[in-house]
Amino acid sequence: MKTEGKKSLNYYIRSLHRDIGFLVLGFAIIFATSGIVLIFRDTNTFKQEKVIEKTIAPNLDNTELAKELHLKEIQVLKEENGIVYFKNGSYNKTSGSLSYTSNELPGLLKKLSNIHKSPSKNVMHWFTLVFGILLLFLAISSFWMFKPKTKTFRRGIIIASIGFIIAITLVFFL
C-alpha cells in the first residue's frame, strides 16, 4: 500500500498555476479583444456611424451644449436663425432639438471595451482587479514550473528579463 507524503510548496503552486491558468483563459480572450479594440479608439476602425436626435433644454450656451454631448468643448461652425451648427450636427436653441452623428462601437465591442475601462466606482472594477491579480500570480508562479538548476529555468529567467527590459523601455522612452 502506497502512502502519500507531505506535498511541497512547489506542488501547490504548480497546481494553482494550472487551475488559475484555465480559469482566466476566458477572461484573457475578452481582455485581449477589448484591448485590441481600444488601441484603435482614436480611429473609426470598428465604429459605426449613428444618427442621434433628441430634445434637450433650450437656450444652452456652447459650454453647456458640449457637456450635454460629453465633449470637452464644441467648435461652432456657424449660428443662424437660432440654430447652432457644429461638426457633425446642429442644435436649435429655441426648441432644444439636437441632431448629430456619432461614431460608436457596435453593442458587443462597446461592452467589451467598457469592461476594459471600468472605473473604480463601477462594480465591474472588482472583476478587472481580480483578473489583474490572477495574471500577476500566473507570471510569478511560472518560475515554479521548472526546477531552478535546469536549463529551461535559466532560459525562462533570461526571456522574462528581456520582456521586463522591453516593457520598461516602452514605458520610459516612448
# chains A, B, ... in the order shown; residues from 1 in each chain; ligands from 1

$ residues_around --residues "His70 (chain A)" --least-positions-apart "6" --cutoff "12 Å" --atoms "only C-alpha atoms" --output "list in words"
Thr63, Glu64 and Ser102 of chain A

$ write_last_selection --atoms "N, CA, C and O atoms" --output "PDB file, in the first residue's frame"
ATOM      1  N   THR A  63     -20.766  75.884 -23.839  1.00  0.00           N
ATOM      2  CA  THR A  63     -20.177  75.052 -22.781  1.00  0.00           C
ATOM      3  C   THR A  63     -21.184  74.011 -22.302  1.00  0.00           C
ATOM      4  O   THR A  63     -20.844  72.837 -22.132  1.00  0.00           O
ATOM      5  N   GLU A  64     -22.411  74.429 -22.094  1.00  0.00           N
ATOM      6  CA  GLU A  64     -23.463  73.508 -21.640  1.00  0.00           C
ATOM      7  C   GLU A  64     -23.797  72.485 -22.725  1.00  0.00           C
ATOM      8  O   GLU A  64     -24.039  71.312 -22.430  1.00  0.00           O
ATOM      9  N   SER A 102     -22.670  60.336 -34.562  1.00  0.00           N
ATOM     10  CA  SER A 102     -21.613  59.894 -33.661  1.00  0.00           C
ATOM     11  C   SER A 102     -21.085  58.558 -34.167  1.00  0.00           C
ATOM     12  O   SER A 102     -21.851  57.722 -34.645  1.00  0.00           O
TER      13      SER A 102
END

$ closest_atom_pairs --of "region 5-63 of chain A" --to "region 135-145 of chain A" --cutoff "10 Å" --atoms "only C-alpha atoms" --output "JSON lines"
{"residue": "A:Leu9", "atom": "CA", "partner": "A:Trp144", "partner_atom": "CA", "distance": 9.3}
{"residue": "A:Asn10", "atom": "CA", "partner": "A:Trp144", "partner_atom": "CA", "distance": 6.2}
{"residue": "A:Tyr11", "atom": "CA", "partner": "A:Trp144", "partner_atom": "CA", "distance": 8.7}
{"residue": "A:Tyr12", "atom": "CA", "partner": "A:Trp144", "partner_atom": "CA", "distance": 9.7}
{"residue": "A:Ile13", "atom": "CA", "partner": "A:Ser141", "partner_atom": "CA", "distance": 6.5}
{"residue": "A:Arg14", "atom": "CA", "partner": "A:Met145", "partner_atom": "CA", "distance": 6.2}
{"residue": "A:Ser15", "atom": "CA", "partner": "A:Met145", "partner_atom": "CA", "distance": 9.8}
{"residue": "A:Leu16", "atom": "CA", "partner": "A:Ser141", "partner_atom": "CA", "distance": 8.6}
{"residue": "A:His17", "atom": "CA", "partner": "A:Leu138", "partner_atom": "CA", "distance": 5.9}
{"residue": "A:Arg18", "atom": "CA", "partner": "A:Leu138", "partner_atom": "CA", "distance": 8.8}
{"residue": "A:Ile20", "atom": "CA", "partner": "A:Leu138", "partner_atom": "CA", "distance": 7.5}
{"residue": "A:Gly21", "atom": "CA", "partner": "A:Leu138", "partner_atom": "CA", "distance": 7.0}
{"residue": "A:Val24", "atom": "CA", "partner": "A:Leu135", "partner_atom": "CA", "distance": 7.9}
{"residue": "A:Ala28", "atom": "CA", "partner": "A:Leu135", "partner_atom": "CA", "distance": 9.0}

$ write_last_selection --atoms "C-alpha atoms" --output "short mmCIF file (atom, residue, chain, number, x, y, z; two decimals), in the first residue's frame"
data_model
loop_
_atom_site.label_atom_id
_atom_site.label_comp_id
_atom_site.auth_asym_id
_atom_site.auth_seq_id
_atom_site.Cartn_x
_atom_site.Cartn_y
_atom_site.Cartn_z
CA LEU A 9 5.05 24.21 -1.84
CA ASN A 10 6.18 23.61 -5.43
CA TYR A 11 3.35 21.07 -5.90
CA TYR A 12 0.70 23.51 -4.66
CA ILE A 13 1.97 26.46 -6.70
CA ARG A 14 2.12 24.34 -9.86
CA SER A 15 -1.44 23.11 -9.21
CA LEU A 16 -2.72 26.64 -8.60
CA HIS A 17 -0.88 27.89 -11.69
CA ARG A 18 -2.56 25.22 -13.81
CA ILE A 20 -5.90 29.57 -12.42
CA GLY A 21 -4.50 29.43 -15.95
CA VAL A 24 -8.51 33.08 -16.64
CA ALA A 28 -7.82 36.77 -21.23
#

$ residues_around --residues "Lys54 (chain A)" --least-positions-apart "6" --cutoff "8 Å" --atoms "only C-alpha atoms" --output "VMD selection string"
chain A and resid 97 to 99

$ residues_around --residues "Pro58 (chain A)" --least-positions-apart "6" --cutoff "8 Å" --atoms "only C-alpha atoms" --output "ChimeraX atom specification"
/A:92-97

$ write_last_selection --atoms "all heavy atoms" --output "short mmCIF file (atom, residue, chain, number, x, y, z; two decimals), in the first residue's frame"
data_model
loop_
_atom_site.label_atom_id
_atom_site.label_comp_id
_atom_site.auth_asym_id
_atom_site.auth_seq_id
_atom_site.Cartn_x
_atom_site.Cartn_y
_atom_site.Cartn_z
N ASN A 92 -30.96 73.41 -32.10
CA ASN A 92 -31.91 74.51 -32.20
C ASN A 92 -32.09 75.09 -30.80
O ASN A 92 -32.67 74.44 -29.92
CB ASN A 92 -33.25 74.00 -32.75
CG ASN A 92 -34.23 75.11 -33.01
OD1 ASN A 92 -34.33 76.06 -32.24
ND2 ASN A 92 -34.96 74.98 -34.10
N LYS A 93 -31.60 76.31 -30.60
CA LYS A 93 -31.66 76.94 -29.28
C LYS A 93 -33.09 77.20 -28.81
O LYS A 93 -33.37 77.20 -27.63
CB LYS A 93 -30.87 78.26 -29.28
CG LYS A 93 -29.39 78.08 -29.17
CD LYS A 93 -28.72 79.43 -28.96
CE LYS A 93 -27.31 79.22 -28.45
NZ LYS A 93 -26.67 80.47 -28.09
N THR A 94 -33.99 77.44 -29.74
CA THR A 94 -35.37 77.76 -29.38
C THR A 94 -36.12 76.52 -28.90
O THR A 94 -36.75 76.55 -27.84
CB THR A 94 -36.10 78.37 -30.60
OG1 THR A 94 -35.32 79.43 -31.13
CG2 THR A 94 -37.47 78.89 -30.20
N SER A 95 -36.06 75.45 -29.68
CA SER A 95 -36.83 74.25 -29.34
C SER A 95 -36.05 73.24 -28.50
O SER A 95 -36.64 72.35 -27.89
CB SER A 95 -37.31 73.56 -30.62
OG SER A 95 -36.20 73.04 -31.34
N GLY A 96 -34.72 73.34 -28.51
CA GLY A 96 -33.90 72.37 -27.80
C GLY A 96 -33.65 71.10 -28.60
O GLY A 96 -33.10 70.12 -28.10
N SER A 97 -34.05 71.13 -29.88
CA SER A 97 -33.86 69.98 -30.75
C SER A 97 -32.37 69.81 -31.09
O SER A 97 -31.73 70.75 -31.55
CB SER A 97 -34.69 70.17 -32.03
OG SER A 97 -34.46 69.11 -32.92
#

$ closest_residue --among "A:Lys72, A:Lys111, A:Lys50, A:Lys67" --to "Thr33 (chain A)" --atoms "only C-alpha atoms"
A:Lys111

$ decode --residues "region 11-32 of chain A" --atoms "N, CA and C atoms" --output "CSV table (one decimal), in the first residue's frame"
chain,number,residue,atom,x,y,z
A,11,TYR,N,4.5,21.8,-5.4
A,11,TYR,CA,3.4,21.1,-5.9
A,11,TYR,C,2.1,22.0,-5.9
A,12,TYR,N,1.9,22.7,-4.8
A,12,TYR,CA,0.7,23.5,-4.7
A,12,TYR,C,0.7,24.7,-5.6
A,13,ILE,N,1.9,25.3,-5.8
A,13,ILE,CA,2.0,26.5,-6.7
A,13,ILE,C,1.8,26.0,-8.1
A,14,ARG,N,2.3,24.9,-8.5
A,14,ARG,CA,2.1,24.3,-9.9
A,14,ARG,C,0.6,24.0,-10.1
A,15,SER,N,0.0,23.4,-9.1
A,15,SER,CA,-1.4,23.1,-9.2
A,15,SER,C,-2.3,24.4,-9.3
A,16,LEU,N,-2.0,25.4,-8.5
A,16,LEU,CA,-2.7,26.6,-8.6
A,16,LEU,C,-2.5,27.3,-9.9
A,17,HIS,N,-1.2,27.3,-10.4
A,17,HIS,CA,-0.9,27.9,-11.7
A,17,HIS,C,-1.7,27.2,-12.8
A,18,ARG,N,-1.8,25.9,-12.8
A,18,ARG,CA,-2.6,25.2,-13.8
A,18,ARG,C,-4.0,25.6,-13.7
A,19,ASP,N,-4.6,25.5,-12.5
A,19,ASP,CA,-6.1,25.8,-12.4
A,19,ASP,C,-6.4,27.2,-12.7
A,20,ILE,N,-5.6,28.1,-12.2
A,20,ILE,CA,-5.9,29.6,-12.4
A,20,ILE,C,-5.7,29.9,-13.9
A,21,GLY,N,-4.7,29.2,-14.5
A,21,GLY,CA,-4.5,29.4,-16.0
A,21,GLY,C,-5.7,29.1,-16.8
A,22,PHE,N,-6.4,27.9,-16.4
A,22,PHE,CA,-7.6,27.5,-17.1
A,22,PHE,C,-8.7,28.5,-16.8
A,23,LEU,N,-8.8,28.9,-15.5
A,23,LEU,CA,-9.9,29.9,-15.1
A,23,LEU,C,-9.8,31.2,-15.9
A,24,VAL,N,-8.6,31.7,-16.0
A,24,VAL,CA,-8.5,33.1,-16.6
A,24,VAL,C,-8.4,33.0,-18.2
A,25,LEU,N,-8.5,31.9,-18.8
A,25,LEU,CA,-8.4,31.8,-20.2
A,25,LEU,C,-9.5,32.6,-20.9
A,26,GLY,N,-10.7,32.4,-20.4
A,26,GLY,CA,-11.9,33.2,-21.0
A,26,GLY,C,-11.7,34.7,-20.8
A,27,PHE,N,-11.3,35.1,-19.5
A,27,PHE,CA,-11.0,36.5,-19.2
A,27,PHE,C,-10.0,37.1,-20.2
A,28,ALA,N,-8.9,36.3,-20.4
A,28,ALA,CA,-7.8,36.8,-21.2
A,28,ALA,C,-8.3,37.0,-22.7
A,29,ILE,N,-9.1,36.2,-23.2
A,29,ILE,CA,-9.7,36.4,-24.5
A,29,ILE,C,-10.5,37.6,-24.6
A,30,ILE,N,-11.3,37.9,-23.6
A,30,ILE,CA,-12.2,39.1,-23.6
A,30,ILE,C,-11.3,40.3,-23.4
A,31,PHE,N,-10.3,40.3,-22.5
A,31,PHE,CA,-9.5,41.5,-22.3
A,31,PHE,C,-8.6,41.7,-23.5
A,32,ALA,N,-8.1,40.7,-24.2
A,32,ALA,CA,-7.2,40.8,-25.4
A,32,ALA,C,-8.1,41.5,-26.5
